>>> print(open('final-v7.pdb').read())   # PDB, C-alpha atoms
MODEL        1
ATOM      1  CA  MET D   1      74.041  31.992  67.872
ATOM      2  CA  TRP D   2      76.549  34.390  66.262
ATOM      3  CA  ARG D   3      74.614  37.465  67.444
ATOM      4  CA  GLU D   4      74.268  36.064  70.957
ATOM      5  CA  SER D   5      78.011  35.394  71.202
ATOM      6  CA  GLY D   6      78.848  39.099  71.253
ATOM      7  CA  LEU D   7      81.646  38.581  68.725
ATOM      8  CA  GLN D   8      82.391  41.295  66.171
ATOM      9  CA  TRP D   9      83.613  40.705  62.623
ATOM     10  CA  SER D  10      86.108  43.525  63.073
ATOM     11  CA  ASP D  11      87.910  41.322  65.629
ATOM     12  CA  PHE D  12      88.669  38.746  62.920
ATOM     13  CA  LEU D  13      89.386  40.902  59.876
ATOM     14  CA  PRO D  14      92.464  42.970  59.026
ATOM     15  CA  ALA D  15      92.119  46.620  60.036
ATOM     16  CA  ASP D  16      92.015  47.804  56.417
ATOM     17  CA  THR D  17      89.065  45.509  55.541
ATOM     18  CA  LYS D  18      85.638  47.123  55.428
ATOM     19  CA  VAL D  19      83.374  44.887  57.508
ATOM     20  CA  GLU D  20      80.166  45.655  55.608
ATOM     21  CA  GLU D  21      81.747  44.979  52.209
ATOM     22  CA  PHE D  22      83.225  41.707  53.506
ATOM     23  CA  LEU D  23      79.853  40.601  54.867
ATOM     24  CA  LEU D  24      77.998  41.490  51.678
ATOM     25  CA  SER D  25      80.535  39.850  49.367
ATOM     26  CA  ASN D  26      80.457  36.665  51.468
ATOM     27  CA  LYS D  27      76.686  36.744  52.037
ATOM     28  CA  LEU D  28      77.128  36.974  55.818
ATOM     29  CA  GLU D  29      75.046  40.079  56.482
ATOM     30  CA  TRP D  30      72.539  37.896  58.324
ATOM     31  CA  THR D  31      75.054  37.635  61.162
ATOM     32  CA  VAL D  32      74.588  41.309  62.010
ATOM     33  CA  ALA D  33      71.024  41.883  60.820
ATOM     34  CA  ALA D  34      68.293  42.550  63.382
ATOM     35  CA  GLY D  35      70.018  45.512  64.981
ATOM     36  CA  GLY D  36      73.558  44.212  64.795
ATOM     37  CA  ASP D  37      76.425  46.651  64.664
ATOM     38  CA  LEU D  38      78.870  46.464  61.799
ATOM     39  CA  GLY D  39      81.399  48.840  63.219
ATOM     40  CA  GLU D  40      81.060  48.625  66.975
ATOM     41  CA  GLY D  41      84.537  47.199  67.380
ATOM     42  CA  ASP D  42      85.967  50.028  65.251
ATOM     43  CA  GLY D  43      84.406  52.825  67.293
ATOM     44  CA  GLU D  44      81.981  53.562  64.457
ATOM     45  CA  LEU D  45      78.290  54.237  64.960
ATOM     46  CA  SER D  46      75.724  51.483  64.542
ATOM     47  CA  GLU D  47      72.937  52.074  62.028
ATOM     48  CA  GLU D  48      70.477  52.745  64.834
ATOM     49  CA  SER D  49      72.677  55.250  66.660
ATOM     50  CA  MET D  50      73.681  56.878  63.367
ATOM     51  CA  GLY D  51      70.000  57.348  62.515
ATOM     52  CA  LYS D  52      69.266  58.846  65.932
ATOM     53  CA  GLU D  53      72.190  61.261  65.686
ATOM     54  CA  ILE D  54      71.264  62.355  62.151
ATOM     55  CA  ALA D  55      67.683  62.905  63.341
ATOM     56  CA  LYS D  56      68.960  65.105  66.195
ATOM     57  CA  VAL D  57      71.040  67.179  63.779
ATOM     58  CA  LEU D  58      68.070  67.553  61.408
ATOM     59  CA  ASP D  59      65.714  68.547  64.234
ATOM     60  CA  SER D  60      68.100  71.152  65.598
ATOM     61  CA  ASN D  61      68.832  72.685  62.181
ATOM     62  CA  ARG D  62      65.557  73.075  60.290
ATOM     63  CA  LYS D  63      66.830  75.980  58.135
ATOM     64  CA  SER D  64      70.177  74.654  56.894
ATOM     65  CA  ASN D  65      71.900  71.452  55.801
ATOM     66  CA  GLU D  66      75.446  72.613  56.537
ATOM     67  CA  THR D  67      75.554  71.222  60.078
ATOM     68  CA  LEU D  68      74.313  67.887  58.774
ATOM     69  CA  PHE D  69      76.947  67.803  56.020
ATOM     70  CA  ASP D  70      79.640  68.577  58.597
ATOM     71  CA  TRP D  71      78.353  65.891  60.996
ATOM     72  CA  ILE D  72      78.199  63.253  58.251
ATOM     73  CA  GLU D  73      81.701  64.056  57.009
ATOM     74  CA  LYS D  74      83.065  63.807  60.540
ATOM     75  CA  HIS D  75      81.257  60.645  61.692
ATOM     76  CA  CYS D  76      80.330  58.690  58.572
ATOM     77  CA  SER D  77      83.021  59.419  55.989
ATOM     78  CA  ALA D  78      83.985  55.737  55.704
ATOM     79  CA  LYS D  79      80.388  54.698  55.036
ATOM     80  CA  LEU D  80      79.196  57.305  52.528
ATOM     81  CA  SER D  81      78.737  54.890  49.623
ATOM     82  CA  THR D  82      77.471  51.912  51.591
ATOM     83  CA  PRO D  83      73.917  50.667  51.137
ATOM     84  CA  SER D  84      73.224  50.743  54.883
ATOM     85  CA  PHE D  85      74.282  54.400  55.198
ATOM     86  CA  ILE D  86      72.046  55.384  52.266
ATOM     87  CA  ARG D  87      69.074  53.506  53.730
ATOM     88  CA  VAL D  88      69.533  55.128  57.151
ATOM     89  CA  LEU D  89      70.072  58.606  55.693
ATOM     90  CA  THR D  90      67.058  58.337  53.361
ATOM     91  CA  THR D  91      64.798  57.068  56.129
ATOM     92  CA  VAL D  92      65.797  59.747  58.623
ATOM     93  CA  VAL D  93      65.680  62.608  56.092
ATOM     94  CA  ILE D  94      62.222  61.602  54.861
ATOM     95  CA  GLU D  95      60.941  61.087  58.407
ATOM     96  CA  SER D  96      62.141  64.612  59.184
ATOM     97  CA  VAL D  97      59.979  66.095  56.410
ATOM     98  CA  ILE D  98      56.784  64.233  57.325
ATOM     99  CA  ASP D  99      54.706  66.014  59.940
ATOM    100  CA  GLY D 100      52.579  63.894  62.278
ATOM    101  CA  ILE D 101      54.704  60.738  62.464
ATOM    102  CA  GLY D 102      53.787  58.823  65.598
ATOM    103  CA  GLY D 103      50.129  59.704  65.370
ATOM    104  CA  PRO D 104      47.409  58.187  63.225
ATOM    105  CA  THR D 105      48.605  57.475  59.686
ATOM    106  CA  ASN D 106      45.907  59.684  58.187
ATOM    107  CA  GLN D 107      47.411  62.611  60.132
ATOM    108  CA  CYS D 108      50.832  62.313  58.419
ATOM    109  CA  LYS D 109      51.504  65.102  55.951
ATOM    110  CA  LEU D 110      54.506  65.829  53.761
ATOM    111  CA  ASN D 111      56.118  69.179  54.516
ATOM    112  CA  GLU D 112      57.017  70.124  50.940
ATOM    113  CA  GLU D 113      59.104  73.141  51.965
ATOM    114  CA  GLN D 114      61.296  70.978  54.217
ATOM    115  CA  LEU D 115      61.576  68.330  51.488
ATOM    116  CA  ARG D 116      62.835  70.925  49.007
ATOM    117  CA  MET D 117      65.316  72.125  51.617
ATOM    118  CA  ARG D 118      66.566  68.567  52.414
ATOM    119  CA  ASN D 119      66.700  67.477  48.764
ATOM    120  CA  PRO D 120      70.396  68.467  48.370
ATOM    121  CA  VAL D 121      71.306  66.070  51.198
ATOM    122  CA  LEU D 122      69.973  63.059  49.334
ATOM    123  CA  LYS D 123      71.296  64.292  45.990
ATOM    124  CA  LYS D 124      74.794  64.703  47.381
ATOM    125  CA  TYR D 125      75.073  61.187  48.774
ATOM    126  CA  LEU D 126      73.075  59.302  46.116
ATOM    127  CA  ASP D 127      75.228  60.992  43.485
ATOM    128  CA  GLY D 128      73.221  59.597  40.559
ATOM    129  CA  LYS D 129      74.446  56.050  41.302
ATOM    130  CA  PRO D 130      71.725  53.492  40.440
ATOM    131  CA  LYS D 131      72.726  51.031  43.197
ATOM    132  CA  LEU D 132      72.514  53.742  45.852
ATOM    133  CA  GLU D 133      69.275  55.080  44.381
ATOM    134  CA  MET D 134      67.858  51.543  44.674
ATOM    135  CA  GLN D 135      68.786  51.501  48.367
ATOM    136  CA  ALA D 136      67.014  54.843  48.820
ATOM    137  CA  LEU D 137      63.901  53.438  47.145
ATOM    138  CA  LEU D 138      64.018  50.383  49.403
ATOM    139  CA  ALA D 139      64.261  52.650  52.442
ATOM    140  CA  LEU D 140      61.277  54.697  51.237
ATOM    141  CA  GLN D 141      59.227  51.566  50.618
ATOM    142  CA  TYR D 142      60.058  50.229  54.066
ATOM    143  CA  LEU D 143      59.213  53.577  55.670
ATOM    144  CA  MET D 144      55.848  53.738  53.926
ATOM    145  CA  HIS D 145      55.109  50.188  55.042
ATOM    146  CA  ARG D 146      55.978  51.136  58.647
ATOM    147  CA  LEU D 147      53.705  54.160  58.547
TER     148      LEU D 147
ENDMDL
END
>>> encode(input="final-v7.pdb", output="C-alpha cells")
Amino acid sequence: MWRESGLQWSDFLPADTKVEEFLLSNKLEWTVAAGGDLGEGDGELSEESMGKEIAKVLDSNRKSNETLFDWIEKHCSAKLSTPSFIRVLTTVVIESVIDGIGGPTNQCKLNEEQLRMRNPVLKKYLDGKPKLEMQALLALQYLMHRL
C-alpha cells in the first residue's frame, strides 16, 4: 500500500536526514524495496537509473576509469558509503567485465583484462570496510544467481 501511494520518505523527514539510513535503522526498507526510489524526492538517482548511467559511462570508456570517478563524485557523492550504492556499483562493474551477458550462460566469459582495469573502482569505494565488502559479495552472489 505504501509503494502504491506514491509517497516519498523525503517528504516526511528533515532535509538533513539521509533517507536510506533512516529506513535501515527503523527497519522500513521494505517500503521502498522492489524498485522503489530512496531519493526521488531529493532529485537523486534511483538505484535502477544509477546502475544504467554507470553502465553507460563504463561502456563509453573502456580504457579509463577517470570518467567514471568523475561521474560518481558528481552524481553519487552522498551515497558513496551506502550499501545500496555498493551493490549497484559492484553489479554494474562486474557485468561490464563479463562478455556474453544476455546470451546462453555457457557463453559468458570473464574479460580478465577489463577486470584488472576496473579493479581500482571497486577498491576505491569498498575502501577495505568489511560491511561494504559484504554488500559487494551479496551483489556478486545475486548476479551469479541471475546469470
>>> atom_distance(input="final-v7.pdb", atom1="CA of Arg116 in chain D", atom2="CA of Arg146 in chain D")
23.1 Å
>>> closest_residue(input="final-v7.pdb", among="D:Leu68, D:Thr91, D:Phe85, D:Asp11", to="Glu47 in chain D", atoms="all atoms listed in the file")
D:Phe85
>>> closest_residue(input="final-v7.pdb", among="D:Leu45, D:Leu122, D:Gly100, D:Ala139", to="Ala78 in chain D", atoms="only C-alpha atoms")
D:Leu45
>>> closest_residue(input="final-v7.pdb", among="D:Asn61, D:Arg118, D:His75, D:Leu147", to="Ile101 in chain D", atoms="only C-alpha atoms")
D:Leu147
>>> residues_around(input="final-v7.pdb", residues="Gln135 in chain D", least_positions_apart="5", cutoff="12 Å", atoms="all atoms listed in the file", output="VMD selection string")
chain D and resid 81 to 91 122 125 to 126 129 to 130 140 to 142
>>> atom_distance(input="final-v7.pdb", atom1="CA of Ala15 in chain D", atom2="CA of Ser46 in chain D")
17.7 Å
>>> atom_distance(input="final-v7.pdb", atom1="CA of Thr17 in chain D", atom2="CA of Glu48 in chain D")
22.0 Å
>>> resolve_selection(input="final-v7.pdb", expression="the PyMOL selection byres ((chain D and resi 115) around 12)", output="JSON, numbers by chain")
{"D": [58, 62, 63, 64, 65, 90, 92, 93, 94, 95, 96, 97, 98, 99, 109, 110, 111, 112, 113, 114, 116, 117, 118, 119, 120, 121, 122, 123]}
>>> build_atoms(input="final-v7.pdb", residues="range 83-98 of chain D", atoms="N, CA and C atoms", output="PDB file, in the frame of the given file")
ATOM      1  N   PRO D  83      75.378  50.776  51.176  1.00  0.00           N
ATOM      2  CA  PRO D  83      73.917  50.667  51.137  1.00  0.00           C
ATOM      3  C   PRO D  83      73.259  50.977  52.482  1.00  0.00           C
ATOM      4  N   SER D  84      73.848  50.516  53.576  1.00  0.00           N
ATOM      5  CA  SER D  84      73.224  50.743  54.883  1.00  0.00           C
ATOM      6  C   SER D  84      73.191  52.232  55.238  1.00  0.00           C
ATOM      7  N   PHE D  85      74.265  52.963  54.928  1.00  0.00           N
ATOM      8  CA  PHE D  85      74.282  54.400  55.198  1.00  0.00           C
ATOM      9  C   PHE D  85      73.188  55.102  54.397  1.00  0.00           C
ATOM     10  N   ILE D  86      73.051  54.751  53.122  1.00  0.00           N
ATOM     11  CA  ILE D  86      72.046  55.384  52.266  1.00  0.00           C
ATOM     12  C   ILE D  86      70.642  55.077  52.775  1.00  0.00           C
ATOM     13  N   ARG D  87      70.404  53.848  53.204  1.00  0.00           N
ATOM     14  CA  ARG D  87      69.074  53.506  53.730  1.00  0.00           C
ATOM     15  C   ARG D  87      68.763  54.301  54.999  1.00  0.00           C
ATOM     16  N   VAL D  88      69.732  54.376  55.903  1.00  0.00           N
ATOM     17  CA  VAL D  88      69.533  55.128  57.151  1.00  0.00           C
ATOM     18  C   VAL D  88      69.313  56.608  56.847  1.00  0.00           C
ATOM     19  N   LEU D  89      70.173  57.182  56.029  1.00  0.00           N
ATOM     20  CA  LEU D  89      70.072  58.606  55.693  1.00  0.00           C
ATOM     21  C   LEU D  89      68.725  58.913  55.033  1.00  0.00           C
ATOM     22  N   THR D  90      68.334  58.111  54.058  1.00  0.00           N
ATOM     23  CA  THR D  90      67.058  58.337  53.361  1.00  0.00           C
ATOM     24  C   THR D  90      65.897  58.263  54.340  1.00  0.00           C
ATOM     25  N   THR D  91      65.890  57.237  55.164  1.00  0.00           N
ATOM     26  CA  THR D  91      64.798  57.068  56.129  1.00  0.00           C
ATOM     27  C   THR D  91      64.696  58.264  57.064  1.00  0.00           C
ATOM     28  N   VAL D  92      65.809  58.664  57.637  1.00  0.00           N
ATOM     29  CA  VAL D  92      65.797  59.747  58.623  1.00  0.00           C
ATOM     30  C   VAL D  92      65.446  61.086  57.964  1.00  0.00           C
ATOM     31  N   VAL D  93      65.992  61.351  56.782  1.00  0.00           N
ATOM     32  CA  VAL D  93      65.680  62.608  56.092  1.00  0.00           C
ATOM     33  C   VAL D  93      64.187  62.665  55.756  1.00  0.00           C
ATOM     34  N   ILE D  94      63.644  61.592  55.231  1.00  0.00           N
ATOM     35  CA  ILE D  94      62.222  61.602  54.861  1.00  0.00           C
ATOM     36  C   ILE D  94      61.340  61.666  56.108  1.00  0.00           C
ATOM     37  N   GLU D  95      61.705  60.970  57.157  1.00  0.00           N
ATOM     38  CA  GLU D  95      60.941  61.087  58.407  1.00  0.00           C
ATOM     39  C   GLU D  95      60.931  62.532  58.901  1.00  0.00           C
ATOM     40  N   SER D  96      62.043  63.231  58.701  1.00  0.00           N
ATOM     41  CA  SER D  96      62.141  64.612  59.184  1.00  0.00           C
ATOM     42  C   SER D  96      61.252  65.581  58.401  1.00  0.00           C
ATOM     43  N   VAL D  97      60.819  65.198  57.216  1.00  0.00           N
ATOM     44  CA  VAL D  97      59.979  66.095  56.410  1.00  0.00           C
ATOM     45  C   VAL D  97      58.519  65.665  56.395  1.00  0.00           C
ATOM     46  N   ILE D  98      58.183  64.657  57.193  1.00  0.00           N
ATOM     47  CA  ILE D  98      56.784  64.233  57.325  1.00  0.00           C
ATOM     48  C   ILE D  98      56.295  64.678  58.689  1.00  0.00           C
TER      49      ILE D  98
END
